[in-house]
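One file, upload_12.txt, is given below (compact mmCIF, C-alpha atoms).
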```txt
# COMPACT_ATOMS: atom_id res chain seq x y z
CA MET A 1 101.85 103.34 117.18
CA SER A 2 102.70 99.71 117.71
CA GLN A 3 106.12 98.73 116.50
CA TYR A 4 104.47 96.32 114.04
CA GLU A 5 102.89 99.31 112.29
CA ALA A 6 106.37 100.41 111.22
CA PHE A 7 106.06 98.10 108.23
CA LYS A 8 102.81 99.72 107.10
CA LEU A 9 104.16 103.21 107.76
CA PHE A 10 107.04 102.52 105.37
CA GLY A 11 104.84 100.74 102.82
CA LEU A 12 106.36 97.32 103.46
CA LYS A 13 104.93 93.85 103.75
CA PRO A 14 105.80 92.55 107.23
CA ALA A 15 108.88 90.40 106.67
CA PHE A 16 112.33 89.96 108.10
CA GLY A 17 114.06 90.44 104.77
CA ILE A 18 113.45 94.04 103.79
CA ASP A 19 115.15 96.53 101.52
CA LEU A 20 116.97 98.77 104.00
CA ALA A 21 117.96 101.23 101.26
CA ARG A 22 114.26 101.68 100.49
CA VAL A 23 113.52 102.16 104.19
CA GLU A 24 116.19 104.87 104.41
CA ALA A 25 114.88 106.57 101.25
CA VAL A 26 111.28 106.57 102.51
CA HIS A 27 112.43 107.92 105.86
CA GLN A 28 114.37 110.69 104.19
CA GLN A 29 111.41 111.60 101.94
CA MET A 30 109.00 111.69 104.83
CA MET A 31 111.30 113.69 107.07
CA LEU A 32 111.55 116.31 104.33
CA LYS A 33 107.77 116.63 104.57
CA VAL A 34 107.18 116.36 108.31
CA HIS A 35 110.36 117.54 110.02
CA PRO A 36 109.36 119.87 112.86
CA ASP A 37 111.74 122.59 111.65
CA ARG A 38 109.55 123.01 108.57
CA PHE A 39 106.64 123.89 110.86
CA ALA A 40 108.41 126.32 113.19
CA ASP A 41 106.30 129.27 112.01
CA ARG A 42 103.02 127.30 111.85
CA PRO A 43 100.27 127.12 114.47
CA ALA A 44 100.91 124.98 117.56
CA ALA A 45 98.61 122.18 116.41
CA GLU A 46 100.50 121.80 113.13
CA ARG A 47 103.84 121.87 114.96
CA ARG A 48 102.62 119.15 117.34
CA ALA A 49 101.35 117.03 114.45
CA ALA A 50 104.71 117.39 112.67
CA GLU A 51 106.54 116.37 115.86
CA GLN A 52 104.29 113.31 116.22
CA TRP A 53 104.77 112.23 112.60
CA SER A 54 108.49 112.81 112.84
CA ALA A 55 108.65 110.70 116.00
CA ARG A 56 106.63 107.93 114.33
CA PHE A 57 108.94 107.81 111.33
CA ASN A 58 112.04 107.87 113.53
CA GLU A 59 110.67 105.04 115.69
CA GLY A 60 109.69 103.08 112.58
CA LEU A 61 113.20 103.51 111.19
CA ARG A 62 114.68 102.30 114.47
CA VAL A 63 112.50 99.17 114.44
CA LEU A 64 113.11 98.32 110.81
CA LYS A 65 116.87 98.93 110.79
CA ASP A 66 117.60 96.75 113.83
CA PRO A 67 117.31 93.09 112.76
CA VAL A 68 116.85 91.84 116.33
CA LEU A 69 114.10 94.35 117.03
CA ARG A 70 112.49 93.75 113.63
CA ALA A 71 112.48 89.98 114.20
CA SER A 72 111.16 90.45 117.75
CA VAL A 73 108.27 92.51 116.45
CA LEU A 74 107.43 89.91 113.80
CA CYS A 75 107.60 87.05 116.32
CA GLU A 76 105.39 88.87 118.80
CA ALA A 77 102.87 89.73 116.08
CA ALA A 78 102.73 86.01 115.23
CA GLY A 79 102.03 85.17 118.89
CA PHE A 80 105.55 84.17 119.87
CA PRO A 81 106.95 86.79 122.26
CA ILE A 82 110.70 86.76 122.88
CA LYS A 83 110.43 87.15 126.70
CA ALA A 84 114.16 87.87 126.96
CA GLU A 85 113.78 89.28 130.47
CA THR A 86 112.01 86.26 131.94
CA ASN A 87 113.06 83.29 129.82
CA THR A 88 116.80 82.89 130.08
CA ALA A 89 116.99 79.20 129.14
CA MET A 90 119.29 78.54 126.21
CA PRO A 91 120.48 75.29 124.60
CA MET A 92 123.47 73.79 126.40
CA ASP A 93 125.66 73.74 123.26
CA PHE A 94 125.03 77.46 122.75
CA LEU A 95 125.91 78.22 126.37
CA MET A 96 129.10 76.17 126.09
CA ARG A 97 130.13 78.10 122.95
CA GLN A 98 129.44 81.36 124.78
CA MET A 99 131.55 80.27 127.76
CA THR A 100 134.41 79.27 125.46
CA ALA A 101 134.20 82.59 123.62
CA ARG A 102 134.23 84.53 126.89
CA GLU A 103 137.27 82.60 128.09
CA ALA A 104 138.98 83.42 124.79
CA LEU A 105 138.08 87.08 125.31
CA ASP A 106 139.63 87.05 128.77
CA GLU A 107 142.81 85.48 127.37
CA ALA A 108 142.95 87.92 124.44
CA THR A 109 142.67 91.10 126.51
CA GLY A 110 145.28 93.53 125.26
CA ASP A 111 146.12 91.42 122.19
CA ALA A 112 144.65 93.31 119.24
CA GLN A 113 145.29 90.51 116.75
CA ALA A 114 143.54 87.90 118.92
CA LEU A 115 140.67 90.32 119.56
CA GLU A 116 140.27 90.95 115.82
CA ALA A 117 140.04 87.19 115.26
CA LEU A 118 137.41 86.91 118.00
CA LEU A 119 135.45 89.76 116.45
CA GLU A 120 135.54 88.06 113.03
CA ASP A 121 134.29 84.81 114.60
CA ALA A 122 131.53 86.65 116.44
CA GLN A 123 130.45 88.40 113.25
CA ARG A 124 130.35 85.09 111.39
CA ASP A 125 128.05 83.70 114.10
CA ILE A 126 125.82 86.77 113.89
CA ASP A 127 125.66 86.61 110.09
CA ALA A 128 124.79 82.90 110.16
CA ASP A 129 122.02 83.49 112.69
CA LEU A 130 120.65 86.43 110.68
CA ASP A 131 120.48 84.19 107.61
CA ALA A 132 118.79 81.46 109.64
CA LEU A 133 116.37 84.04 111.06
CA ALA A 134 115.35 85.18 107.58
CA GLN A 135 114.73 81.55 106.66
CA ALA A 136 112.77 80.84 109.86
CA ILE A 137 110.51 83.88 109.54
CA ASP A 138 110.10 84.59 105.84
CA GLN A 139 110.23 81.11 104.36
CA ASP A 140 109.36 78.58 107.07
CA ALA A 141 107.12 80.67 109.37
CA ASN A 142 108.88 78.79 112.18
CA TYR A 143 108.50 81.35 114.93
CA GLU A 144 109.65 79.03 117.70
CA ARG A 145 112.99 78.74 115.90
CA ALA A 146 112.98 82.48 115.23
CA VAL A 147 112.56 83.20 118.95
CA GLU A 148 115.58 80.99 119.72
CA LEU A 149 117.61 82.79 117.08
CA VAL A 150 116.61 86.25 118.32
CA ARG A 151 117.66 85.33 121.84
CA ALA A 152 120.96 83.91 120.55
CA LEU A 153 121.57 87.09 118.57
CA MET A 154 121.06 89.16 121.69
CA PHE A 155 123.87 87.22 123.40
CA GLU A 156 126.07 87.34 120.32
CA ARG A 157 125.67 91.08 119.80
CA LYS A 158 126.45 91.77 123.44
CA PHE A 159 129.59 89.63 123.16
CA SER A 160 130.57 91.36 119.93
CA ASP A 161 130.18 94.74 121.62
CA GLU A 162 132.41 93.55 124.49
CA VAL A 163 135.07 92.42 122.02
CA ARG A 164 134.90 95.81 120.26
CA HIS A 165 135.28 97.54 123.61
CA ALA A 166 138.31 95.37 124.47
CA LEU A 167 139.76 96.06 121.02
CA HIS A 168 139.32 99.80 121.50
CA ALA A 169 140.97 99.56 124.92
CA ALA A 170 143.88 97.61 123.44
CA ALA A 171 144.29 100.21 120.68
CA THR A 172 144.36 103.11 123.12
CA GLN A 173 146.86 101.35 125.41
CA GLY A 174 149.21 100.31 122.60
```
Would you write out, as structure tokens, the structure that this file holds?
Amino acid sequence: MSQYEAFKLFGLKPAFGIDLARVEAVHQQMMLKVHPDRFADRPAAERRAAEQWSARFNEGLRVLKDPVLRASVLCEAAGFPIKAETNTAMPMDFLMRQMTAREALDEATGDAQALEALLEDAQRDIDADLDALAQAIDQDANYERAVELVRALMFERKFSDEVRHALHAAATQG
């Protein structure tokens, strides 16, 4: 199954803006029907088929729930691959903001209040880029912009994770 097929599997039109509650409900319904435990006493072929369907629905859920992955799939389907591993060029203003944020993280180490503020700022950046991504994909069909936003979100999520880790470390030390 290609990751793009996740939309069809869940009965969705391919789009960035999707109803995640509906995705969860469809996943739950389907897992009630195809979960391998329901086929434990069935012939091997039926057990294998249940395992395959279960894996497909779990993979589809993973793709649809993760906005970066979902956007990546949509961009690639439109002929605009993300190429995160090979294309590391980013706009200079974005890189400067990242450097400033990392310096602030270094200075805030151990300071839970400063780390919380950094985390709030990082989440604001992520939220703004998610909104811009929905606009770029669903309304403007501007996949070049969407690729830039996906790559920015990858940096921002990694930074956010690092801030959370530092915050956890500060909480366990204090």
Specify the axis-aligned box that encloses all atoms of segment 144-162 of chain A listed in the file after padding of 8 Å on each side, stating its centre and edge lengths in Å to one decimal as AutoDock Vina command-line options.
```
--center_x 121.0 --center_y 86.7 --center_z 119.9 --size_x 38.8 --size_y 32.0 --size_z 25.3
```
Counting all atoms listed in the file, which residues of segment 49-75 of chain A sit at most 8 Å from some atom of segment 35-43 of chain A, and what is each one's closest atom pair with its distance in Å to one decimal, listed by chain and rising residue number, as a Markdown table?
```
| residue | atom | partner | partner_atom | distance |
| --- | --- | --- | --- | --- |
| A:Ala50 | CA | A:Pro36 | CA | 5.3 |
| A:Glu51 | CA | A:Pro36 | CA | 5.4 |
| A:Ser54 | CA | A:His35 | CA | 5.8 |
```
### Task
Work out how far atom CA of Gly17 of chain A is from atom CA of Ala128 of chain A, in Å to one decimal.
14.2 Å
### Message
Which residues are near Phe94 of chain A? Cut-off 12 Å, all atoms listed in the file, ignore same chain within fewer than 3 positions. Put them as a PyMOL selection string.
### Response
chain A and resi 89-91+97-101+125+148-149+151-153+155-156
Give me the residues within 12 Å of Gln173 of chain A as a short mmCIF file (atom, residue, chain, number, x, y, z; two decimals) with C-alpha atoms, in the frame of the given file, counting all atoms listed in the file and dropping any in the same chain fewer than 4 places off.
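Contents of selection.cif, as written:
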```cif
data_model
loop_
_atom_site.label_atom_id
_atom_site.label_comp_id
_atom_site.auth_asym_id
_atom_site.auth_seq_id
_atom_site.Cartn_x
_atom_site.Cartn_y
_atom_site.Cartn_z
CA THR A 109 142.67 91.10 126.51
CA GLY A 110 145.28 93.53 125.26
CA ASP A 111 146.12 91.42 122.19
CA ALA A 112 144.65 93.31 119.24
CA ALA A 166 138.31 95.37 124.47
CA LEU A 167 139.76 96.06 121.02
CA HIS A 168 139.32 99.80 121.50
CA ALA A 169 140.97 99.56 124.92
#
```
### Task
Could you give me, as a PyMOL selection string, the residues within 9 Å of Arg157 of chain A, counting only C-alpha atoms and dropping anything in the same chain fewer than 3 positions from it?
chain A and resi 122-123+126+152-154+160-162
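Near Leu133 of chain A, within 7 Å and counting all atoms listed in the file, sit A:Asp129, A:Ile137, A:Ala146, A:Leu149, not including residues fewer than 4 positions from it in the same chain.
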Output C-alpha atoms of each residue in that selection to a file, as a JSON list (two decimals), in the coordinates of the input.
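Result file result31.json:
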```
[["chain", "number", "residue", "atom", "x", "y", "z"],
["A", 129, "ASP", "CA", 122.02, 83.49, 112.69],
["A", 137, "ILE", "CA", 110.51, 83.88, 109.54],
["A", 146, "ALA", "CA", 112.98, 82.48, 115.23],
["A", 149, "LEU", "CA", 117.61, 82.79, 117.08]]
```
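Going from atom CA of Arg145 of chain A to atom CA of Leu95 of chain A covers 16.6 Å.
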## Note on the structure
Using all atoms listed in the file, the shortest atom-to-atom distance to Met30 of chain A among A:Ala45, A:Arg56, A:Val147, A:Phe7 belongs to A:Arg56
### Query
Can you tell me how far atom CA of Val23 of chain A sits from atom CA of Leu61 of chain A, in Å to one decimal?
7.1 Å
### Task
Would you list the contacts of Lys65 of chain A as a ChimeraX atom specification, taking every protein, DNA or RNA residue within 12 Å and counting only C-alpha atoms, but skipping same-chain residues closer than 2 positions in sequence?
/A:6-7,10,16-24,27,57-63,67-71
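For the set A:Ala84, A:Val73, A:Met96, A:Met31, the residue with the smallest atom-to-atom gap to Ala55 of chain A is A:Met31, counting all atoms listed in the file.
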### Distance criterion (all atoms listed in the file): nearest to Ala114 of chain A out of A:Val34, A:Arg164, A:Thr88, A:Gln52
A:Arg164
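Using all atoms listed in the file, the nearest neighbour of Asp140 of chain A within the list A:Ala104, A:Ala77, A:Ala15, A:Ala117 is A:Ala15.
Counting all atoms listed in the file, the residue from A:Met92, A:Leu119, A:Leu32, A:Ala171 that sits nearest to Lys158 of chain A is A:Leu119.
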